$ cat target.cif   # mmCIF, N, CA and C atoms
data_model
#
loop_
_atom_site.label_atom_id
_atom_site.label_comp_id
_atom_site.auth_asym_id
_atom_site.auth_seq_id
_atom_site.Cartn_x
_atom_site.Cartn_y
_atom_site.Cartn_z
N MET H 1417 -22.97 7.17 -9.39
CA MET H 1417 -23.36 7.40 -8.02
C MET H 1417 -22.40 6.66 -7.10
N LYS H 1418 -21.84 7.38 -6.16
CA LYS H 1418 -20.89 6.79 -5.23
C LYS H 1418 -21.64 6.22 -4.03
N MET H 1419 -21.34 4.97 -3.70
CA MET H 1419 -21.95 4.34 -2.54
C MET H 1419 -20.87 3.87 -1.58
N THR H 1420 -21.11 4.04 -0.33
CA THR H 1420 -20.22 3.53 0.69
C THR H 1420 -20.95 2.42 1.43
N ILE H 1421 -20.30 1.29 1.50
CA ILE H 1421 -20.89 0.15 2.20
C ILE H 1421 -20.12 -0.03 3.49
N TYR H 1422 -20.82 -0.01 4.59
CA TYR H 1422 -20.19 -0.18 5.89
C TYR H 1422 -19.92 -1.66 6.13
N MET H 1423 -18.67 -1.98 6.35
CA MET H 1423 -18.29 -3.34 6.71
C MET H 1423 -17.79 -3.27 8.15
N GLY H 1424 -18.44 -3.96 9.03
CA GLY H 1424 -18.07 -3.91 10.44
C GLY H 1424 -16.66 -4.37 10.69
N HIS H 1425 -16.17 -4.10 11.86
CA HIS H 1425 -14.83 -4.51 12.23
C HIS H 1425 -14.80 -6.00 12.57
N CYS H 1426 -13.65 -6.56 12.38
CA CYS H 1426 -13.45 -7.99 12.60
C CYS H 1426 -13.18 -8.23 14.09
N CYS H 1427 -13.97 -9.10 14.69
CA CYS H 1427 -13.75 -9.49 16.08
C CYS H 1427 -12.92 -10.79 16.09
N PHE H 1428 -12.58 -11.27 17.27
CA PHE H 1428 -11.77 -12.48 17.36
C PHE H 1428 -12.51 -13.69 16.78
N GLU H 1429 -13.80 -13.77 17.00
CA GLU H 1429 -14.57 -14.89 16.44
C GLU H 1429 -14.54 -14.85 14.91
N GLY H 1430 -14.64 -13.67 14.35
CA GLY H 1430 -14.53 -13.51 12.90
C GLY H 1430 -13.16 -13.90 12.40
N PHE H 1431 -12.13 -13.51 13.17
CA PHE H 1431 -10.76 -13.89 12.81
C PHE H 1431 -10.62 -15.40 12.78
N LYS H 1432 -11.16 -16.09 13.80
CA LYS H 1432 -11.04 -17.55 13.85
C LYS H 1432 -11.71 -18.20 12.64
N THR H 1433 -12.83 -17.66 12.20
CA THR H 1433 -13.49 -18.19 11.01
C THR H 1433 -12.61 -17.98 9.78
N LEU H 1434 -12.01 -16.79 9.65
CA LEU H 1434 -11.13 -16.53 8.52
C LEU H 1434 -9.89 -17.43 8.56
N ALA H 1435 -9.31 -17.61 9.75
CA ALA H 1435 -8.14 -18.49 9.89
C ALA H 1435 -8.50 -19.93 9.54
N SER H 1436 -9.70 -20.32 9.88
CA SER H 1436 -10.16 -21.67 9.52
C SER H 1436 -10.30 -21.80 8.00
N ASN H 1437 -10.89 -20.80 7.37
CA ASN H 1437 -11.11 -20.84 5.92
C ASN H 1437 -9.81 -20.76 5.13
N TYR H 1438 -8.91 -19.86 5.53
CA TYR H 1438 -7.69 -19.63 4.76
C TYR H 1438 -6.53 -20.54 5.15
N LEU H 1439 -6.45 -20.91 6.44
CA LEU H 1439 -5.30 -21.67 6.90
C LEU H 1439 -5.65 -23.08 7.37
N GLY H 1440 -6.93 -23.39 7.44
CA GLY H 1440 -7.35 -24.72 7.87
C GLY H 1440 -7.26 -24.96 9.37
N LEU H 1441 -7.15 -23.88 10.15
CA LEU H 1441 -7.10 -24.02 11.61
C LEU H 1441 -8.51 -24.22 12.16
N SER H 1442 -8.59 -24.96 13.25
CA SER H 1442 -9.88 -25.17 13.89
C SER H 1442 -10.36 -23.88 14.53
N HIS H 1443 -11.65 -23.60 14.43
CA HIS H 1443 -12.18 -22.41 15.10
C HIS H 1443 -13.07 -22.80 16.27
N GLU H 1444 -12.92 -24.03 16.72
CA GLU H 1444 -13.73 -24.53 17.84
C GLU H 1444 -13.25 -24.01 19.19
N ASN H 1445 -11.95 -23.72 19.32
CA ASN H 1445 -11.46 -23.22 20.61
C ASN H 1445 -10.38 -22.17 20.39
N ASP H 1446 -10.02 -21.47 21.45
CA ASP H 1446 -9.05 -20.39 21.36
C ASP H 1446 -7.62 -20.88 21.38
N GLY H 1447 -7.39 -22.16 21.59
CA GLY H 1447 -6.03 -22.70 21.70
C GLY H 1447 -5.56 -23.42 20.46
N SER H 1448 -6.13 -23.10 19.30
CA SER H 1448 -5.77 -23.80 18.07
C SER H 1448 -4.35 -23.49 17.61
N HIS H 1449 -3.80 -22.38 18.02
CA HIS H 1449 -2.44 -21.99 17.63
C HIS H 1449 -1.82 -21.20 18.77
N ARG H 1450 -0.52 -21.28 18.88
CA ARG H 1450 0.19 -20.61 19.98
C ARG H 1450 0.01 -19.09 19.96
N LEU H 1451 -0.29 -18.51 18.80
CA LEU H 1451 -0.45 -17.06 18.70
C LEU H 1451 -1.88 -16.58 18.93
N TYR H 1452 -2.82 -17.50 19.07
CA TYR H 1452 -4.22 -17.09 19.28
C TYR H 1452 -4.41 -16.17 20.49
N PRO H 1453 -3.78 -16.46 21.64
CA PRO H 1453 -3.96 -15.54 22.77
C PRO H 1453 -3.47 -14.11 22.45
N ASP H 1454 -2.33 -14.01 21.76
CA ASP H 1454 -1.81 -12.69 21.38
C ASP H 1454 -2.76 -12.00 20.40
N ILE H 1455 -3.24 -12.76 19.42
CA ILE H 1455 -4.14 -12.18 18.42
C ILE H 1455 -5.44 -11.74 19.08
N LYS H 1456 -5.95 -12.55 20.01
CA LYS H 1456 -7.20 -12.20 20.72
C LYS H 1456 -7.02 -10.90 21.48
N ARG H 1457 -5.88 -10.76 22.17
CA ARG H 1457 -5.61 -9.55 22.94
C ARG H 1457 -5.47 -8.34 22.02
N LEU H 1458 -4.75 -8.50 20.92
CA LEU H 1458 -4.50 -7.39 20.01
C LEU H 1458 -5.74 -6.98 19.23
N ILE H 1459 -6.50 -7.96 18.77
CA ILE H 1459 -7.68 -7.64 17.95
C ILE H 1459 -8.77 -6.98 18.80
N GLY H 1460 -8.76 -7.23 20.09
CA GLY H 1460 -9.76 -6.64 20.98
C GLY H 1460 -9.70 -5.13 21.05
N GLY H 1461 -8.52 -4.56 20.87
CA GLY H 1461 -8.38 -3.12 20.97
C GLY H 1461 -8.17 -2.43 19.64
N GLN H 1462 -8.39 -3.13 18.54
CA GLN H 1462 -8.11 -2.58 17.22
C GLN H 1462 -9.38 -2.40 16.41
N ALA H 1463 -9.32 -1.50 15.48
CA ALA H 1463 -10.39 -1.33 14.50
C ALA H 1463 -9.86 -1.93 13.19
N VAL H 1464 -10.02 -3.23 13.06
CA VAL H 1464 -9.49 -3.98 11.92
C VAL H 1464 -10.64 -4.56 11.13
N THR H 1465 -10.58 -4.43 9.82
CA THR H 1465 -11.65 -5.00 9.00
C THR H 1465 -11.30 -6.44 8.61
N SER H 1466 -12.30 -7.19 8.23
CA SER H 1466 -12.05 -8.56 7.80
C SER H 1466 -11.19 -8.57 6.54
N GLY H 1467 -11.31 -7.56 5.71
CA GLY H 1467 -10.48 -7.46 4.50
C GLY H 1467 -9.00 -7.35 4.83
N GLN H 1468 -8.68 -6.58 5.86
CA GLN H 1468 -7.29 -6.46 6.29
C GLN H 1468 -6.76 -7.80 6.79
N VAL H 1469 -7.57 -8.51 7.56
CA VAL H 1469 -7.17 -9.82 8.08
C VAL H 1469 -6.99 -10.80 6.92
N GLU H 1470 -7.93 -10.82 6.00
CA GLU H 1470 -7.84 -11.72 4.84
C GLU H 1470 -6.58 -11.45 4.03
N GLU H 1471 -6.27 -10.18 3.83
CA GLU H 1471 -5.09 -9.82 3.06
C GLU H 1471 -3.83 -10.41 3.69
N GLU H 1472 -3.71 -10.31 5.00
CA GLU H 1472 -2.55 -10.85 5.69
C GLU H 1472 -2.52 -12.38 5.64
N LEU H 1473 -3.66 -13.01 5.81
CA LEU H 1473 -3.70 -14.47 5.80
C LEU H 1473 -3.39 -15.03 4.41
N MET H 1474 -3.79 -14.33 3.38
CA MET H 1474 -3.55 -14.81 2.01
C MET H 1474 -2.09 -14.67 1.60
N LYS H 1475 -1.33 -13.82 2.25
CA LYS H 1475 0.08 -13.64 1.90
C LYS H 1475 0.88 -14.91 2.08
N SER H 1476 0.52 -15.71 3.06
CA SER H 1476 1.31 -16.90 3.40
C SER H 1476 0.40 -18.08 3.72
N GLN H 1477 -0.55 -18.35 2.87
CA GLN H 1477 -1.50 -19.43 3.14
C GLN H 1477 -0.82 -20.78 3.36
N ASP H 1478 0.32 -21.00 2.72
CA ASP H 1478 0.98 -22.29 2.82
C ASP H 1478 1.73 -22.48 4.12
N VAL H 1479 2.07 -21.39 4.79
CA VAL H 1479 2.85 -21.48 6.03
C VAL H 1479 2.09 -20.75 7.13
N ILE H 1480 1.42 -21.51 7.97
CA ILE H 1480 0.54 -20.95 8.99
C ILE H 1480 1.29 -20.00 9.93
N ASN H 1481 2.45 -20.41 10.42
CA ASN H 1481 3.18 -19.57 11.36
C ASN H 1481 3.58 -18.23 10.75
N VAL H 1482 3.98 -18.23 9.49
CA VAL H 1482 4.36 -16.98 8.82
C VAL H 1482 3.15 -16.06 8.71
N ALA H 1483 2.00 -16.61 8.34
CA ALA H 1483 0.79 -15.80 8.20
C ALA H 1483 0.38 -15.18 9.53
N LEU H 1484 0.36 -15.97 10.58
CA LEU H 1484 -0.08 -15.45 11.88
C LEU H 1484 0.96 -14.52 12.51
N ASP H 1485 2.25 -14.82 12.33
CA ASP H 1485 3.29 -13.90 12.81
C ASP H 1485 3.17 -12.54 12.12
N GLY H 1486 2.90 -12.55 10.82
CA GLY H 1486 2.72 -11.31 10.08
C GLY H 1486 1.52 -10.53 10.58
N LEU H 1487 0.46 -11.25 10.90
CA LEU H 1487 -0.75 -10.61 11.40
C LEU H 1487 -0.49 -9.95 12.76
N VAL H 1488 0.20 -10.65 13.65
CA VAL H 1488 0.53 -10.08 14.97
C VAL H 1488 1.42 -8.86 14.80
N ARG H 1489 2.40 -8.94 13.91
CA ARG H 1489 3.30 -7.81 13.66
C ARG H 1489 2.50 -6.61 13.15
N ASP H 1490 1.59 -6.85 12.23
CA ASP H 1490 0.82 -5.76 11.65
C ASP H 1490 -0.20 -5.16 12.62
N PHE H 1491 -0.71 -5.94 13.54
CA PHE H 1491 -1.63 -5.40 14.54
C PHE H 1491 -0.95 -4.34 15.39
N GLY H 1492 0.36 -4.45 15.56
CA GLY H 1492 1.11 -3.46 16.33
C GLY H 1492 1.51 -2.25 15.52
N ASP H 1493 1.31 -2.29 14.21
CA ASP H 1493 1.69 -1.19 13.32
C ASP H 1493 0.55 -0.18 13.25
N GLU H 1494 0.82 1.07 13.61
CA GLU H 1494 -0.23 2.10 13.63
C GLU H 1494 -0.85 2.32 12.26
N GLU H 1495 -0.06 2.22 11.20
CA GLU H 1495 -0.60 2.44 9.86
C GLU H 1495 -1.62 1.37 9.50
N PHE H 1496 -1.46 0.17 10.01
CA PHE H 1496 -2.41 -0.92 9.75
C PHE H 1496 -3.78 -0.57 10.30
N ASN H 1497 -3.81 0.11 11.43
CA ASN H 1497 -5.07 0.45 12.08
C ASN H 1497 -5.76 1.65 11.44
N ILE H 1498 -5.02 2.42 10.64
CA ILE H 1498 -5.59 3.63 10.04
C ILE H 1498 -6.23 3.33 8.70
N LYS H 1499 -5.83 2.25 8.04
CA LYS H 1499 -6.34 1.92 6.70
C LYS H 1499 -7.82 1.99 6.61
#
$ encode --input "target.cif" --output "structure tokens"
Amino acid sequence: MKMTIYMGHCCFEGFKTLASNYLGLSHENDGSHRLYPDIKRLIGGQAVTSGQVEEELMKSQDVINVALDGLVRDFGDEEFNIK
């Protein structure tokens, strides 16, 4: 039997929790990283799942800037939004 489980889209607050868990960034405020304002703006207009965000964050867990730069780059990629 095939089941589909609906997983809601990731909002900025969800992103901050994931960034805290995977990268150790504080999720107490929006200024924890220089890219947070860009990510907040981009994630607001996207249909992105938490799984997509986790995948990007796990690629470069050791280097925070690389992980977040990759995430910003992928938010602008149309194929990323279609997954």
$ residues_near_point --input "target.cif" --point "(-5.0, -19.5, 5.2)" --cutoff "12 Å" --atoms "only C-alpha atoms" --output "list in words"
Phe1431, Lys1432, Thr1433, Leu1434, Ala1435, Ser1436, Asn1437, Tyr1438, Leu1439, Gly1440, Leu1441, Ser1442, Val1469, Glu1470, Glu1471, Glu1472, Leu1473, Met1474, Lys1475, Ser1476, Gln1477, Asp1478, Val1479, Ile1480, Asn1481, Val1482, Ala1483, Leu1484 and Leu1487 of chain H
$ atom_distance --input "target.cif" --atom1 "atom C of Glu1444 of chain H" --atom2 "atom CA of Asp1490 of chain H"
24.2 Å
$ atom_distance --input "target.cif" --atom1 "atom C of Arg1457 of chain H" --atom2 "atom CA of Glu1429 of chain H"
12.5 Å
$ atom_distance --input "target.cif" --atom1 "atom CA of Ser1466 of chain H" --atom2 "atom CA of Leu1451 of chain H"
18.0 Å
$ residues_around --input "target.cif" --residues "Ile1459 of chain H" --least-positions-apart "4" --cutoff "12 Å" --atoms "only C-alpha atoms" --output "ChimeraX atom specification"
/H:1425-1432,1451-1455,1463-1466,1468-1469,1487-1492,1496-1497
$ build_atoms --input "target.cif" --residues "segment 1470-1496 of chain H" --atoms "N, CA, C and O atoms" --output "mmCIF file, in the frame of the given file"
data_model
loop_
_atom_site.group_PDB
_atom_site.id
_atom_site.type_symbol
_atom_site.label_atom_id
_atom_site.label_comp_id
_atom_site.auth_asym_id
_atom_site.auth_seq_id
_atom_site.Cartn_x
_atom_site.Cartn_y
_atom_site.Cartn_z
ATOM 1 N N GLU H 1470 -7.930 -10.820 6.000
ATOM 2 C CA GLU H 1470 -7.840 -11.720 4.840
ATOM 3 C C GLU H 1470 -6.580 -11.450 4.030
ATOM 4 O O GLU H 1470 -5.905 -12.385 3.592
ATOM 5 N N GLU H 1471 -6.270 -10.180 3.830
ATOM 6 C CA GLU H 1471 -5.090 -9.820 3.060
ATOM 7 C C GLU H 1471 -3.830 -10.410 3.690
ATOM 8 O O GLU H 1471 -2.965 -10.960 2.999
ATOM 9 N N GLU H 1472 -3.710 -10.310 5.000
ATOM 10 C CA GLU H 1472 -2.550 -10.850 5.690
ATOM 11 C C GLU H 1472 -2.520 -12.380 5.640
ATOM 12 O O GLU H 1472 -1.471 -12.976 5.440
ATOM 13 N N LEU H 1473 -3.660 -13.010 5.810
ATOM 14 C CA LEU H 1473 -3.700 -14.470 5.800
ATOM 15 C C LEU H 1473 -3.390 -15.030 4.410
ATOM 16 O O LEU H 1473 -2.780 -16.086 4.294
ATOM 17 N N MET H 1474 -3.790 -14.330 3.380
ATOM 18 C CA MET H 1474 -3.550 -14.810 2.010
ATOM 19 C C MET H 1474 -2.090 -14.670 1.600
ATOM 20 O O MET H 1474 -1.640 -15.361 0.693
ATOM 21 N N LYS H 1475 -1.330 -13.820 2.250
ATOM 22 C CA LYS H 1475 0.080 -13.640 1.900
ATOM 23 C C LYS H 1475 0.880 -14.910 2.080
ATOM 24 O O LYS H 1475 1.824 -15.156 1.342
ATOM 25 N N SER H 1476 0.520 -15.710 3.060
ATOM 26 C CA SER H 1476 1.310 -16.900 3.400
ATOM 27 C C SER H 1476 0.400 -18.080 3.720
ATOM 28 O O SER H 1476 0.569 -18.742 4.739
ATOM 29 N N GLN H 1477 -0.550 -18.350 2.870
ATOM 30 C CA GLN H 1477 -1.500 -19.430 3.140
ATOM 31 C C GLN H 1477 -0.820 -20.780 3.360
ATOM 32 O O GLN H 1477 -1.330 -21.614 4.080
ATOM 33 N N ASP H 1478 0.320 -21.000 2.720
ATOM 34 C CA ASP H 1478 0.980 -22.290 2.820
ATOM 35 C C ASP H 1478 1.730 -22.480 4.120
ATOM 36 O O ASP H 1478 2.037 -23.612 4.503
ATOM 37 N N VAL H 1479 2.070 -21.390 4.790
ATOM 38 C CA VAL H 1479 2.850 -21.480 6.030
ATOM 39 C C VAL H 1479 2.090 -20.750 7.130
ATOM 40 O O VAL H 1479 2.119 -19.525 7.219
ATOM 41 N N ILE H 1480 1.420 -21.510 7.970
ATOM 42 C CA ILE H 1480 0.540 -20.950 8.990
ATOM 43 C C ILE H 1480 1.290 -20.000 9.930
ATOM 44 O O ILE H 1480 0.814 -18.900 10.205
ATOM 45 N N ASN H 1481 2.450 -20.410 10.420
ATOM 46 C CA ASN H 1481 3.180 -19.570 11.360
ATOM 47 C C ASN H 1481 3.580 -18.230 10.750
ATOM 48 O O ASN H 1481 3.528 -17.208 11.414
ATOM 49 N N VAL H 1482 3.980 -18.230 9.490
ATOM 50 C CA VAL H 1482 4.360 -16.980 8.820
ATOM 51 C C VAL H 1482 3.150 -16.060 8.710
ATOM 52 O O VAL H 1482 3.234 -14.854 8.979
ATOM 53 N N ALA H 1483 2.000 -16.610 8.340
ATOM 54 C CA ALA H 1483 0.790 -15.800 8.200
ATOM 55 C C ALA H 1483 0.380 -15.180 9.530
ATOM 56 O O ALA H 1483 0.075 -13.980 9.603
ATOM 57 N N LEU H 1484 0.360 -15.970 10.580
ATOM 58 C CA LEU H 1484 -0.080 -15.450 11.880
ATOM 59 C C LEU H 1484 0.960 -14.520 12.510
ATOM 60 O O LEU H 1484 0.598 -13.533 13.143
ATOM 61 N N ASP H 1485 2.250 -14.820 12.330
ATOM 62 C CA ASP H 1485 3.290 -13.900 12.810
ATOM 63 C C ASP H 1485 3.170 -12.540 12.120
ATOM 64 O O ASP H 1485 3.299 -11.500 12.753
ATOM 65 N N GLY H 1486 2.900 -12.550 10.820
ATOM 66 C CA GLY H 1486 2.720 -11.310 10.080
ATOM 67 C C GLY H 1486 1.520 -10.530 10.580
ATOM 68 O O GLY H 1486 1.539 -9.307 10.679
ATOM 69 N N LEU H 1487 0.460 -11.250 10.900
ATOM 70 C CA LEU H 1487 -0.750 -10.610 11.400
ATOM 71 C C LEU H 1487 -0.490 -9.950 12.760
ATOM 72 O O LEU H 1487 -0.873 -8.806 12.983
ATOM 73 N N VAL H 1488 0.200 -10.650 13.650
ATOM 74 C CA VAL H 1488 0.530 -10.080 14.970
ATOM 75 C C VAL H 1488 1.420 -8.860 14.800
ATOM 76 O O VAL H 1488 1.206 -7.829 15.439
ATOM 77 N N ARG H 1489 2.400 -8.940 13.910
ATOM 78 C CA ARG H 1489 3.300 -7.810 13.660
ATOM 79 C C ARG H 1489 2.500 -6.610 13.150
ATOM 80 O O ARG H 1489 2.688 -5.486 13.606
ATOM 81 N N ASP H 1490 1.590 -6.850 12.230
ATOM 82 C CA ASP H 1490 0.820 -5.760 11.650
ATOM 83 C C ASP H 1490 -0.200 -5.160 12.620
ATOM 84 O O ASP H 1490 -0.522 -3.994 12.526
ATOM 85 N N PHE H 1491 -0.710 -5.940 13.540
ATOM 86 C CA PHE H 1491 -1.630 -5.400 14.540
ATOM 87 C C PHE H 1491 -0.950 -4.340 15.390
ATOM 88 O O PHE H 1491 -1.590 -3.434 15.879
ATOM 89 N N GLY H 1492 0.360 -4.450 15.560
ATOM 90 C CA GLY H 1492 1.110 -3.460 16.330
ATOM 91 C C GLY H 1492 1.510 -2.250 15.520
ATOM 92 O O GLY H 1492 1.985 -1.262 16.062
ATOM 93 N N ASP H 1493 1.310 -2.290 14.210
ATOM 94 C CA ASP H 1493 1.690 -1.190 13.320
ATOM 95 C C ASP H 1493 0.550 -0.180 13.250
ATOM 96 O O ASP H 1493 -0.546 -0.503 12.857
ATOM 97 N N GLU H 1494 0.820 1.070 13.610
ATOM 98 C CA GLU H 1494 -0.230 2.100 13.630
ATOM 99 C C GLU H 1494 -0.850 2.320 12.260
ATOM 100 O O GLU H 1494 -2.032 2.584 12.159
ATOM 101 N N GLU H 1495 -0.060 2.220 11.200
ATOM 102 C CA GLU H 1495 -0.600 2.440 9.860
ATOM 103 C C GLU H 1495 -1.620 1.370 9.500
ATOM 104 O O GLU H 1495 -2.577 1.623 8.781
ATOM 105 N N PHE H 1496 -1.460 0.170 10.010
ATOM 106 C CA PHE H 1496 -2.410 -0.920 9.750
ATOM 107 C C PHE H 1496 -3.780 -0.570 10.300
ATOM 108 O O PHE H 1496 -4.789 -0.857 9.719
#
